[in-house]
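Shown here: entry30.cif, mmCIF, C-alpha atoms.
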data_model
loop_
_atom_site.label_atom_id
_atom_site.label_comp_id
_atom_site.auth_asym_id
_atom_site.auth_seq_id
_atom_site.Cartn_x
_atom_site.Cartn_y
_atom_site.Cartn_z
CA MET A 1 32.29 106.14 108.93
CA PRO A 2 28.88 105.03 107.61
CA SER A 3 26.93 107.54 105.52
CA ARG A 4 25.18 110.29 107.43
CA ALA A 5 21.77 108.93 106.43
CA LEU A 6 22.55 105.43 107.69
CA ARG A 7 24.09 106.80 110.85
CA ALA A 8 21.01 108.95 111.47
CA VAL A 9 18.82 105.86 111.14
CA PHE A 10 21.08 103.97 113.53
CA ASP A 11 20.98 106.80 116.08
CA VAL A 12 17.18 106.81 115.96
CA TRP A 13 17.15 103.02 116.38
CA GLU A 14 19.49 103.29 119.38
CA SER A 15 17.26 105.89 120.99
CA LEU A 16 14.12 103.82 120.44
CA PHE A 17 15.87 100.68 121.71
CA HIS A 18 16.94 102.43 124.91
CA ARG A 19 13.40 103.63 125.54
CA ALA A 20 11.65 100.39 124.61
CA PHE A 21 13.92 98.27 126.80
CA ARG A 22 14.20 100.87 129.55
CA LEU A 23 17.97 100.96 129.66
CA GLU A 24 19.33 102.95 132.57
CA ASP A 25 22.54 104.94 132.89
CA LEU A 26 24.82 103.77 135.67
CA GLU A 27 25.11 107.39 136.76
CA PRO A 28 22.85 110.05 135.22
CA GLY A 29 24.95 112.63 133.40
CA THR A 30 28.11 110.48 133.35
CA GLU A 31 29.11 108.30 130.42
CA HIS A 32 30.04 104.69 131.20
CA LEU A 33 30.67 101.57 129.14
CA PHE A 34 27.51 99.85 130.38
CA PHE A 35 23.79 100.41 130.59
CA VAL A 36 21.58 98.24 132.79
CA ALA A 37 17.99 97.04 132.76
CA LYS A 38 15.91 94.70 134.88
CA ARG A 39 14.73 91.72 132.88
CA ARG A 40 13.51 88.14 133.13
CA TYR A 41 15.99 85.59 131.86
CA PHE A 42 14.67 83.20 129.18
CA GLY A 43 17.80 81.39 128.04
CA ARG A 44 19.20 78.07 129.20
CA GLY A 45 19.78 77.62 132.91
CA PHE A 46 23.24 78.19 134.34
CA GLU A 47 25.05 78.65 137.63
CA VAL A 48 27.59 81.32 138.50
CA ASP A 49 29.36 81.92 141.82
CA GLY A 50 27.06 79.36 143.43
CA ILE A 51 23.84 81.06 142.27
CA ARG A 52 21.46 79.14 140.04
CA VAL A 53 19.65 81.05 137.28
CA ASN A 54 16.61 79.45 135.66
CA PRO A 55 14.31 80.68 132.88
CA GLY A 56 11.98 83.32 134.29
CA ASP A 57 14.35 84.52 137.02
CA ARG A 58 15.00 88.24 137.35
CA VAL A 59 18.44 89.38 136.19
CA VAL A 60 20.30 92.64 135.67
CA GLU A 61 20.77 92.83 131.91
CA LEU A 62 23.93 94.55 130.68
CA HIS A 63 24.20 96.51 127.44
CA VAL A 64 27.39 97.99 126.01
CA ASN A 65 27.59 101.69 125.18
CA ASN A 66 27.93 101.63 121.38
CA ASP A 67 29.13 105.23 121.24
CA MET A 68 32.19 104.29 123.28
CA VAL A 69 32.79 101.23 121.10
CA GLU A 70 32.63 103.41 118.00
CA ARG A 71 35.16 105.88 119.39
CA ALA A 72 37.55 103.10 120.38
CA LEU A 73 37.41 101.57 116.89
CA ARG A 74 37.70 104.95 115.20
CA GLU A 75 40.66 106.13 117.26
CA ASP A 76 42.61 102.90 116.87
CA GLY A 77 42.17 100.70 113.81
CA ASN A 78 43.88 97.82 115.61
CA VAL A 79 41.08 95.74 117.13
CA VAL A 80 43.21 94.28 119.91
CA ARG A 81 44.35 97.75 121.04
CA ALA A 82 40.77 99.00 120.80
CA MET A 83 39.71 96.12 123.06
CA VAL A 84 42.38 97.11 125.57
CA GLN A 85 41.02 100.66 125.52
CA LEU A 86 37.51 99.34 126.15
CA LEU A 87 38.82 97.21 129.02
CA ARG A 88 40.20 100.37 130.60
CA GLN A 89 36.78 101.96 130.22
CA ALA A 90 35.20 98.87 131.78
CA ARG A 91 37.49 99.16 134.79
CA ILE A 92 36.53 102.82 135.21
CA SER A 93 32.84 101.88 134.98
CA MET A 94 32.89 98.95 137.41
CA PRO A 95 32.47 100.96 140.66
CA ALA A 96 29.47 102.75 139.11
CA LEU A 97 28.06 99.38 138.04
CA ALA A 98 28.47 98.08 141.60
CA ARG A 99 26.53 101.07 142.92
CA ALA A 100 23.84 100.77 140.25
CA VAL A 101 23.02 97.11 140.96
CA GLN A 102 22.45 97.98 144.62
CA ARG A 103 19.44 100.12 143.70
CA GLU A 104 16.18 98.99 145.26
CA ARG A 105 14.68 98.05 141.90
CA PHE A 106 17.37 95.40 141.40
CA ALA A 107 16.94 93.86 144.86
CA ASP A 108 15.41 90.63 143.53
CA ALA A 109 18.01 90.18 140.76
CA GLN A 110 21.11 88.32 141.90
CA VAL A 111 22.97 87.89 138.60
CA LEU A 112 24.20 90.21 135.84
CA TYR A 113 23.79 88.96 132.30
CA GLY A 114 24.58 90.15 128.78
CA VAL A 115 25.50 89.04 125.27
CA THR A 116 28.30 90.91 123.55
CA MET A 117 31.30 90.77 121.24
CA ILE A 118 33.22 92.98 123.69
CA HIS A 119 34.26 90.34 126.20
CA ARG A 120 37.98 89.75 125.82
CA GLY A 121 39.66 90.05 129.24
CA ILE A 122 36.38 90.72 131.05
CA GLU A 123 37.02 87.79 133.42
CA ARG A 124 39.39 89.93 135.48
CA PHE A 125 36.38 92.00 136.54
CA GLY A 126 34.53 89.07 138.07
CA PHE A 127 32.63 87.95 134.97
CA HIS A 128 32.47 84.53 133.35
CA THR A 129 31.94 83.96 129.63
CA TYR A 130 30.06 81.18 127.86
CA PRO A 131 29.89 80.41 124.15
CA LEU A 132 26.36 80.82 122.87
CA PRO A 133 24.58 77.50 122.21
CA ASN A 134 24.28 76.70 118.51
CA GLY A 135 20.88 77.41 117.03
CA ILE A 136 18.69 80.15 115.63
CA ALA A 137 19.18 82.37 118.69
CA LYS A 138 22.95 82.34 118.17
CA SER A 139 22.56 83.05 114.45
CA LEU A 140 20.21 85.97 115.05
CA THR A 141 22.40 87.40 117.81
CA THR A 142 25.52 87.14 115.65
CA TRP A 143 23.70 88.76 112.72
CA HIS A 144 22.43 91.61 114.91
CA LEU A 145 25.75 92.36 116.61
CA THR A 146 27.62 92.11 113.32
CA ASN A 147 25.30 94.67 111.76
CA VAL A 148 25.69 96.96 114.77
CA LEU A 149 29.46 96.74 114.30
CA LYS A 150 29.06 97.55 110.60
CA MET A 151 27.14 100.68 111.51
CA LEU A 152 29.88 101.69 113.93
CA ASN A 153 32.82 101.03 111.62
CA PRO A 154 32.98 100.89 107.80
CA ASP A 155 35.77 98.28 107.95
CA ALA A 156 33.65 95.88 110.00
CA ASN A 157 33.75 93.08 107.43
CA HIS A 158 37.55 93.13 107.36
CA ILE A 159 37.71 93.38 111.15
CA ILE A 160 35.42 90.38 111.59
CA GLU A 161 37.29 88.30 108.99
CA THR A 162 40.71 88.96 110.53
CA HIS A 163 39.61 88.79 114.18
CA HIS A 164 36.89 86.16 113.98
CA ASP A 165 38.01 84.42 117.17
CA VAL A 166 38.07 87.67 119.15
CA LEU A 167 34.68 88.96 118.01
CA GLN A 168 32.52 85.90 118.62
CA PRO A 169 29.40 86.88 120.61
CA LYS A 170 29.41 85.34 124.08
CA LEU A 171 27.18 85.19 127.10
CA VAL A 172 28.75 87.25 129.90
CA VAL A 173 27.57 86.63 133.47
CA ALA A 174 28.50 87.52 137.04
CA SER A 175 26.83 87.40 140.42
CA LYS A 176 25.77 90.73 141.84
CA ALA A 177 27.50 89.82 145.10
CA LYS A 178 30.81 89.29 143.28
CA ILE A 179 30.66 92.66 141.55
CA ILE A 180 29.83 94.43 144.81
CA GLU A 181 32.57 92.52 146.64
CA MET A 182 35.18 93.53 144.06
CA PHE A 183 34.07 97.06 143.21
CA GLY A 184 31.71 98.21 145.94
CA GLU A 185 32.41 101.07 148.32
CA GLY A 186 35.83 100.64 149.90
CA ASN A 187 36.95 97.90 147.52
CA ALA A 188 37.27 99.61 144.14
CA VAL A 189 40.44 101.61 144.85
CA SER A 190 42.51 98.69 146.09
CA HIS A 191 41.18 96.33 143.45
CA ALA A 192 41.86 98.73 140.58
CA LYS A 193 45.59 98.34 141.27
CA THR A 194 45.46 94.58 140.79
CA THR A 195 42.95 93.92 138.01
CA GLU A 196 45.65 93.92 135.33
CA LEU A 197 47.29 90.90 136.96
CA SER A 198 44.68 89.14 139.05
CA VAL A 199 42.56 86.31 137.69
CA ASP A 200 39.36 85.12 139.29
CA ASN A 201 39.73 81.43 140.11
CA GLU A 202 36.02 80.72 140.52
CA GLN A 203 34.49 78.67 137.74
CA ALA A 204 31.06 78.93 136.22
CA VAL A 205 29.00 75.80 135.69
CA PRO A 206 28.44 75.20 131.95
CA LEU A 207 25.12 75.96 130.30
CA GLU A 208 22.71 73.07 130.21
CA SER A 209 22.43 71.30 126.89
#

Do you think you could lay out the structure here as structure tokens?
Amino acid sequence: MPSRALRAVFDVWESLFHRAFRLEDLEPGTEHLFFVAKRRYFGRGFEVDGIRVNPGDRVVELHVNNDMVERALREDGNVVRAMVQLLRQARISMPALARAVQRERFADAQVLYGVTMIHRGIERFGFHTYPLPNGIAKSLTTWHLTNVLKMLNPDANHIIETHHDVLQPKLVVASKAKIIEMFGEGNAVSHAKTTELSVDNEQAVPLES
């Protein structure tokens, strides 16, 4: 683990980040893999599940719970197995995410959006992934997420070197309607039995160049 001093600094940063960007728990008092926030999208335009997203549109921004990532990496040094563990946590969190995005404050946001290294296998939950466009934004995002990983695990450099293809930051998107359809009230129980095998056949339209 990182030194106590560095970890204390990171914990303070996490707390300030959550407050500054108004991240919300999916369910108050219950830990889940995701946090959400309402935000305007300022990246390149894209289309997902038939919904067009342009710069300035409202979106539901997703953030990964770094405490859960840390525990997964600490409990299992094998990155692939840790990713599987996080996928299980994602599946558990999906019904809560479906309920959260139906809150009144998210009524004008039709798409969920996030940038993360934790994306392997996420397609089975209704998401699509895009590689980040080359440029300064990609470099800064990669630098930031890499440093977050280093704070969470002292072997981060080795992990990144040996699993470079797995830990590339990607844009993760889904329509709100798709998430509600798959994991909303009455759908989550039946879908949970099939997510290990089912694959969403819908395709996302590539990011504009």

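Between CA of Gly56 in chain A and CA of Tyr41 in chain A there is a distance of 5.2 Å.
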
Notebook entry, point to check: How far is it from CA of Leu97 in chain A to CA of Phe34 in chain A, in Å with one decimal?
Noted result: 7.7 Å

Margin query: Evaluate the PyMOL selection byres ((chain A and resi 172-188) around 10) against this structure - the residues, as a PyMOL selection string, please.
Written below: chain A and resi 46-52+59-62+91-102+106-107+109-119+122-123+125-132+169-171+189-193+195+204

Checklist line | Selection near range 83-85 of chain A, 8 Å with only C-alpha atoms, sequence-local residues under 2 positions removed, as a PyMOL selection string | finding: chain A and resi 72+79-81+87-89+118+120

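Proximity to Asp57 in chain A was assessed for A:Arg39, A:Val69, A:Gly29, A:Arg124 counting all atoms listed in the file; the smallest distance is recorded for A:Arg39.
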
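The spacing separating CA of Arg22 in chain A from CA of Gln168 in chain A amounts to 26.1 Å.
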
Check: Got a sec to resolve the PyMOL selection byres ((chain A and resi 68) around 9) on this structure and send the residues as a PyMOL selection string?
Finding: chain A and resi 31-33+64-67+69-73+86+89
